[in-house]
Every structure is written in structure tokens, then in C-alpha cells.
file entry_8.cif (mmCIF, C-alpha atoms)
data_run
#
loop_
_atom_site.group_PDB
_atom_site.id
_atom_site.type_symbol
_atom_site.label_atom_id
_atom_site.label_comp_id
_atom_site.auth_asym_id
_atom_site.auth_seq_id
_atom_site.Cartn_x
_atom_site.Cartn_y
_atom_site.Cartn_z
ATOM 1 C CA MET A 218 -49.206 16.441 37.431
ATOM 2 C CA LYS A 219 -49.037 17.516 33.765
ATOM 3 C CA ARG A 220 -48.912 21.182 34.824
ATOM 4 C CA ILE A 221 -45.986 20.532 37.144
ATOM 5 C CA MET A 222 -44.176 18.666 34.342
ATOM 6 C CA VAL A 223 -44.845 21.499 31.858
ATOM 7 C CA ILE A 224 -43.730 24.181 34.353
ATOM 8 C CA GLY A 225 -40.609 22.110 35.204
ATOM 9 C CA THR A 226 -39.803 21.635 31.512
ATOM 10 C CA VAL A 227 -40.250 25.363 30.773
ATOM 11 C CA LEU A 228 -38.110 26.242 33.786
ATOM 12 C CA ILE A 229 -35.331 23.836 32.769
ATOM 13 C CA THR A 230 -35.475 25.112 29.156
ATOM 14 C CA ALA A 231 -35.210 28.738 30.356
ATOM 15 C CA ILE A 232 -32.193 27.875 32.526
ATOM 16 C CA PHE A 233 -30.602 26.050 29.606
ATOM 17 C CA LEU A 234 -31.120 29.052 27.275
ATOM 18 C CA VAL A 235 -29.610 31.447 29.844
ATOM 19 C CA GLN A 236 -26.569 29.175 30.102
ATOM 20 C CA LEU A 237 -26.211 29.088 26.314
ATOM 21 C CA THR A 238 -26.166 32.899 26.128
ATOM 22 C CA GLN A 239 -23.368 32.989 28.705
ATOM 23 C CA ILE A 240 -21.010 30.741 26.704
ATOM 24 C CA LYS A 241 -19.681 33.480 24.347
ATOM 25 C CA PRO A 242 -18.763 36.022 27.101
ATOM 26 C CA LEU A 243 -17.188 33.252 29.144
ATOM 27 C CA GLN A 244 -15.121 32.129 26.144
ATOM 28 C CA ASN A 245 -13.922 35.720 25.640
ATOM 29 C CA GLN A 246 -12.954 35.950 29.313
ATOM 30 C CA TYR A 247 -11.113 32.635 29.047
ATOM 31 C CA VAL A 248 -9.142 33.720 25.974
ATOM 32 C CA LYS A 249 -8.215 37.035 27.646
ATOM 33 C CA ALA A 250 -7.167 35.310 30.866
ATOM 34 C CA LYS A 251 -5.085 32.809 28.893
ATOM 35 C CA ALA A 252 -3.317 35.641 27.012
ATOM 36 C CA ASP A 253 -2.667 37.496 30.287
ATOM 37 C CA LEU A 254 -1.229 34.336 31.809
ATOM 38 C CA ARG A 255 1.035 33.785 28.801
ATOM 39 C CA GLN A 256 2.260 37.389 28.999
ATOM 40 C CA ALA A 257 2.880 37.129 32.746
ATOM 41 C CA GLU A 258 4.830 33.888 32.276
ATOM 42 C CA GLN A 259 6.932 35.533 29.573
ATOM 43 C CA LYS A 260 7.736 38.539 31.802
ATOM 44 C CA GLN A 261 8.598 36.214 34.680
ATOM 45 C CA SER A 262 10.890 34.274 32.363
ATOM 46 C CA GLN A 263 12.641 37.501 31.311
ATOM 47 C CA SER A 264 13.010 38.578 34.945
ATOM 48 C CA GLN A 265 14.449 35.209 35.932
ATOM 49 C CA GLN A 266 16.889 35.383 33.032
ATOM 50 C CA ILE A 267 18.069 38.845 34.063
ATOM 51 C CA VAL A 268 18.441 37.795 37.695
ATOM 52 C CA SER A 269 20.014 34.420 36.938
ATOM 53 C CA GLU A 270 22.443 35.717 34.323
ATOM 54 C CA PRO A 271 23.904 38.992 35.592
ATOM 55 C CA THR A 272 27.167 38.434 33.711
ATOM 56 C CA THR A 273 25.240 38.229 30.428
ATOM 57 C CA GLN A 274 23.340 41.393 31.316
ATOM 58 C CA GLN A 275 26.586 43.161 32.248
ATOM 59 C CA ALA A 276 28.212 42.059 28.993
ATOM 60 C CA SER A 277 25.247 43.464 27.076
ATOM 61 C CA ILE A 278 25.519 46.798 28.904
ATOM 62 C CA ASN A 279 29.290 46.953 28.328
ATOM 63 C CA ASP A 280 28.783 46.252 24.613
ATOM 64 C CA SER A 281 26.099 48.948 24.487
ATOM 65 C CA GLN A 282 28.397 51.452 26.203
ATOM 66 C CA THR A 283 31.094 50.777 23.607
ATOM 67 C CA ARG A 284 28.637 51.253 20.734
ATOM 68 C CA VAL A 285 27.275 54.479 22.242
ATOM 69 C CA LYS A 286 30.834 55.765 22.735
ATOM 70 C CA ASN A 287 31.649 55.044 19.080
ATOM 71 C CA PHE A 288 28.410 56.718 17.991
ATOM 72 C CA ILE A 289 29.086 59.942 19.908
ATOM 73 C CA SER A 290 32.691 59.931 18.743
ATOM 74 C CA LEU A 291 31.496 59.764 15.134
ATOM 75 C CA VAL A 292 28.965 62.551 15.739
ATOM 76 C CA MET A 293 31.503 64.839 17.370
ATOM 77 C CA ASN A 294 34.422 64.224 15.006
ATOM 78 C CA ASN A 295 32.606 64.256 11.642
ATOM 79 C CA LYS A 296 30.824 66.956 9.697
ATOM 80 C CA ALA A 297 27.024 67.034 9.690
ATOM 81 C CA ASP A 298 26.774 66.429 5.955
ATOM 82 C CA THR A 299 28.399 62.990 6.369
ATOM 83 C CA TYR A 300 26.035 61.806 9.150
ATOM 84 C CA ALA A 301 23.639 60.063 6.771
ATOM 85 C CA GLU A 302 26.402 57.793 5.502
ATOM 86 C CA ASP A 303 28.522 57.453 8.666
ATOM 87 C CA LEU A 304 25.693 56.770 11.120
ATOM 88 C CA LYS A 305 23.198 54.735 9.093
ATOM 89 C CA GLN A 306 24.278 51.418 10.671
ATOM 90 C CA LEU A 307 24.262 52.857 14.198
ATOM 91 C CA THR A 308 20.982 54.760 14.424
ATOM 92 C CA THR A 309 17.602 55.519 12.902
ATOM 93 C CA THR A 310 16.905 58.043 10.173
ATOM 94 C CA LYS A 311 14.983 60.161 12.679
ATOM 95 C CA VAL A 312 18.062 60.553 14.878
ATOM 96 C CA ILE A 313 20.303 61.304 11.883
ATOM 97 C CA ASN A 314 17.913 64.038 10.729
ATOM 98 C CA GLU A 315 17.673 65.430 14.246
ATOM 99 C CA LEU A 316 21.442 65.582 14.574
ATOM 100 C CA SER A 317 21.906 67.093 11.121
ATOM 101 C CA ASN A 318 19.225 69.745 11.564
ATOM 102 C CA THR A 319 19.423 70.626 15.232
ATOM 103 C CA PHE A 320 22.711 69.825 16.919
ATOM 104 C CA ALA A 321 25.398 69.997 14.275
ATOM 105 C CA PRO A 322 24.892 73.550 12.991
ATOM 106 C CA SER A 323 25.031 74.994 16.513
ATOM 107 C CA VAL A 324 28.569 73.840 17.233
ATOM 108 C CA THR A 325 31.484 73.510 14.876
ATOM 109 C CA PHE A 326 32.793 70.031 15.507
ATOM 110 C CA SER A 327 35.723 68.428 13.718
ATOM 111 C CA THR A 328 37.088 71.666 12.225
ATOM 112 C CA VAL A 329 38.211 73.157 15.551
ATOM 113 C CA ALA A 330 39.196 70.250 17.751
ATOM 114 C CA HIS A 331 39.215 66.514 18.163
ATOM 115 C CA TYR A 332 36.742 65.222 20.732
ATOM 116 C CA ASP A 333 37.433 62.312 23.039
ATOM 117 C CA VAL A 334 34.662 60.456 24.854
ATOM 118 C CA PRO A 335 36.023 59.870 28.376
ATOM 119 C CA LEU A 336 32.710 59.003 30.029
ATOM 120 C CA VAL A 337 29.766 56.786 29.069
ATOM 121 C CA ALA A 338 27.631 56.115 32.140
ATOM 122 C CA VAL A 339 24.445 54.082 32.443
ATOM 123 C CA SER A 340 21.629 56.395 33.453
ATOM 124 C CA GLN A 341 18.738 53.910 33.272
ATOM 125 C CA GLN A 342 18.291 50.404 31.964
ATOM 126 C CA TRP A 343 15.005 48.616 31.344
ATOM 127 C CA ASP A 344 14.102 45.576 29.239
ATOM 128 C CA SER A 345 16.074 46.046 26.030
ATOM 129 C CA GLN A 346 16.507 49.817 26.320
ATOM 130 C CA GLY A 347 19.428 51.575 27.915
ATOM 131 C CA GLN A 348 19.812 55.252 28.623
ATOM 132 C CA PHE A 349 23.351 56.588 28.800
ATOM 133 C CA LEU A 350 24.940 59.861 29.832
ATOM 134 C CA VAL A 351 27.891 60.654 27.571
ATOM 135 C CA ILE A 352 30.527 63.352 27.934
ATOM 136 C CA ALA A 353 32.583 64.371 24.900
ATOM 137 C CA LYS A 354 35.589 66.545 25.622
ATOM 138 C CA SER A 355 38.055 68.558 23.609
ATOM 139 C CA ASP A 356 40.684 71.102 24.595
ATOM 140 C CA VAL A 357 38.151 73.881 24.047
ATOM 141 C CA GLN A 358 34.836 72.573 25.401
ATOM 142 C CA SER A 359 32.906 69.665 26.852
ATOM 143 C CA VAL A 360 29.547 68.475 25.547
ATOM 144 C CA ALA A 361 27.044 66.272 27.396
ATOM 145 C CA TRP A 362 24.586 63.952 25.655
ATOM 146 C CA GLN A 363 21.768 61.706 26.811
ATOM 147 C CA VAL A 364 21.547 58.718 24.488
ATOM 148 C CA THR A 365 18.834 56.045 24.403
ATOM 149 C CA TYR A 366 20.086 52.768 22.949
ATOM 150 C CA ASP A 367 17.993 49.755 21.936
ATOM 151 C CA MET A 368 19.982 46.621 22.791
ATOM 152 C CA THR A 369 17.794 44.390 20.624
ATOM 153 C CA SER A 370 18.213 46.288 17.353
ATOM 154 C CA GLN A 371 21.628 47.611 18.477
ATOM 155 C CA LYS A 372 20.784 51.134 17.376
ATOM 156 C CA VAL A 373 20.614 54.534 19.011
ATOM 157 C CA THR A 374 16.938 55.508 19.162
ATOM 158 C CA ASP A 375 17.112 58.956 20.761
ATOM 159 C CA VAL A 376 19.749 61.616 21.353
ATOM 160 C CA THR A 377 19.452 64.752 23.479
ATOM 161 C CA ARG A 378 22.153 67.326 24.016
ATOM 162 C CA LEU A 379 22.333 68.414 27.660
ATOM 163 C CA ALA A 380 23.528 71.624 29.205
ATOM 164 C CA LEU A 381 26.900 71.178 30.866
ATOM 165 C CA LYS A 382 27.805 73.826 33.386
ATOM 166 C CA GLY A 383 31.492 74.374 33.926
ATOM 167 C CA ALA A 384 34.268 72.217 32.602
ATOM 168 C CA PHE A 385 34.254 68.437 32.834
ATOM 169 C CA ASP A 386 37.399 67.118 34.467
ATOM 170 C CA ASN A 387 37.680 63.331 34.378
ATOM 171 C CA GLU A 388 40.677 63.458 36.672
ATOM 172 C CA LYS A 389 38.474 64.114 39.709
#

call {"tool": "encode", "arguments": {"input": "entry_8.cif", "output": "C-alpha cells"}}
result
Amino acid sequence: MKRIMVIGTVLITAIFLVQLTQIKPLQNQYVKAKADLRQAEQKQSQSQQIVSEPTTQQASINDSQTRVKNFISLVMNNKADTYAEDLKQLTTTKVINELSNTFAPSVTFSTVAHYDVPLVAVSQQWDSQGQFLVIAKSDVQSVAWQVTYDMTSQKVTDVTRLALKGAFDNEK
């Protein structure tokens, strides 16, 4: 009888020790699952807000289009050496440097013609980022830009000049 009690006690102790070693990994799994749940609830909340408030979303896109139009208008109608001052509220330093070093020297803006921005179209929109296709037009030439705009910080985060074949006619 004593042997059975000793074997039972050893067996129960071994099971108890195995369970104790499993507590830490289970706690880590619980914390990770809780964080995943919180993140999923937050994304669902954002999705419901976008779906339930399309007028708010549309107002945000319209505001972004206006800001992007003003940005491109400033880029096209000002000299490259004034970009740092003129664009600092509208974009990041990276974009200002990119425009100053890459785009501006290749085309003489502002000295030849005044550019209008007749078209700002939404190319893609996700979370707080919007990607816009912008056409700037003068009497001499048309220039196409792809602009990425962060709606949260309300700044242009990326600018790419696109090849535009032929003339852009906004009358068509």
C-alpha cells in the first residue's frame, strides 16, 4: 500500500511540475492572442467608420485633392531654390530635396509659362494614404505627377514625375 501511495505521489508531483513549466509559454500565447484581438478590433472599428461615414471619407479625399493641387501648383510655378521655404508646411524634407535635385533642373518652370492644375484624380486610397494622379498644364507643355499624400499628417510623402505622351486636353 505504501508503494502505491509513493508511486501515486511521485506521479502527481511529476504532472504538477510539467504543468508549472507550461505556464510561461501559455502566458506568452495569451498575451499575443490578446494583442492580436485588440488589433483586429481596431481594424474592424476603422472599417466600420469608413463604411458608416462615406461623406466624412469623401470630404477627407476632397480636402486632400485640394492640398495636392496647391502643392503641385507651387512646385510648377516657383523656382527650385524657393522650394525649401515654400513647401516646408506641405511636404517632407525628403520630397523637397528630391524635387530640388531631380525634377526642377530638368524643366524650366515659372520663367517660361504659368502652369494650371486642371486635373487631380484619386489613383488609390488606403487607410490614411492617398495616391493621386495630377496633370499640370501650360500653353507649352503638360506634366504628369503621381503624388502620395498622408491624410493624417496632411503632407505629401512621395512625388514621382510620369511620362505624358501627347498633349493633355481637358476639354475631352

call {"tool": "residues_around", "arguments": {"input": "entry_8.cif", "residues": "Gln371 (chain A)", "least_positions_apart": "4", "cutoff": "10 Å", "atoms": "all atoms listed in the file", "output": "MDAnalysis selection string"}}
result
chainID A and resid 280:281 284:285 306:308 345:346 366:367

call {"tool": "closest_residue", "arguments": {"input": "entry_8.cif", "among": "A:Thr230, A:Ser262, A:Thr365, A:Ser277", "to": "Gln341 (chain A)", "atoms": "only C-alpha atoms"}}
result
A:Thr365

call {"tool": "atom_distance", "arguments": {"input": "entry_8.cif", "atom1": "CA of Gln363 (chain A)", "atom2": "CA of Val351 (chain A)"}}
result
6.3 Å

call {"tool": "atom_distance", "arguments": {"input": "entry_8.cif", "atom1": "CA of Ser355 (chain A)", "atom2": "CA of Tyr332 (chain A)"}}
result
4.6 Å

call {"tool": "closest_residue", "arguments": {"input": "entry_8.cif", "among": "A:Ser290, A:Ala276, A:Val235, A:Ile229", "to": "Val337 (chain A)", "atoms": "only C-alpha atoms"}}
result
A:Ser290

call {"tool": "closest_residue", "arguments": {"input": "entry_8.cif", "among": "A:Gln358, A:Asn295, A:Gln246, A:Ser264", "to": "Asp344 (chain A)", "atoms": "only C-alpha atoms"}}
result
A:Ser264

call {"tool": "atom_distance", "arguments": {"input": "entry_8.cif", "atom1": "CA of Val339 (chain A)", "atom2": "CA of Leu291 (chain A)"}}
result
19.5 Å

call {"tool": "closest_residue", "arguments": {"input": "entry_8.cif", "among": "A:Val376, A:Met368, A:Glu302, A:Trp362", "to": "Leu316 (chain A)", "atoms": "all atoms listed in the file"}}
result
A:Val376

call {"tool": "closest_residue", "arguments": {"input": "entry_8.cif", "among": "A:Asp333, A:Val373, A:Val360, A:Arg220", "to": "Asn294 (chain A)", "atoms": "all atoms listed in the file"}}
result
A:Asp333

call {"tool": "resolve_selection", "arguments": {"input": "entry_8.cif", "expression": "the PyMOL selection byres ((chain A and resi 315) around 12)", "output": "MDAnalysis selection string"}}
result
chainID A and resid 292 297 300:301 308:314 316:322 374:378

call {"tool": "residues_around", "arguments": {"input": "entry_8.cif", "residues": "Ile352 (chain A)", "least_positions_apart": "4", "cutoff": "6 Å", "atoms": "all atoms listed in the file", "output": "list in words"}}
result
Val334, Leu336, Val360 and Ala361 of chain A

call {"tool": "axis_aligned_box", "arguments": {"input": "entry_8.cif", "around": "region 373-378 of chain A", "padding_each_side": "6 Å", "output": "AutoDock Vina command-line options"}}
result
--center_x 19.5 --center_y 60.9 --center_z 21.5 --size_x 17.2 --size_y 24.8 --size_z 17.0
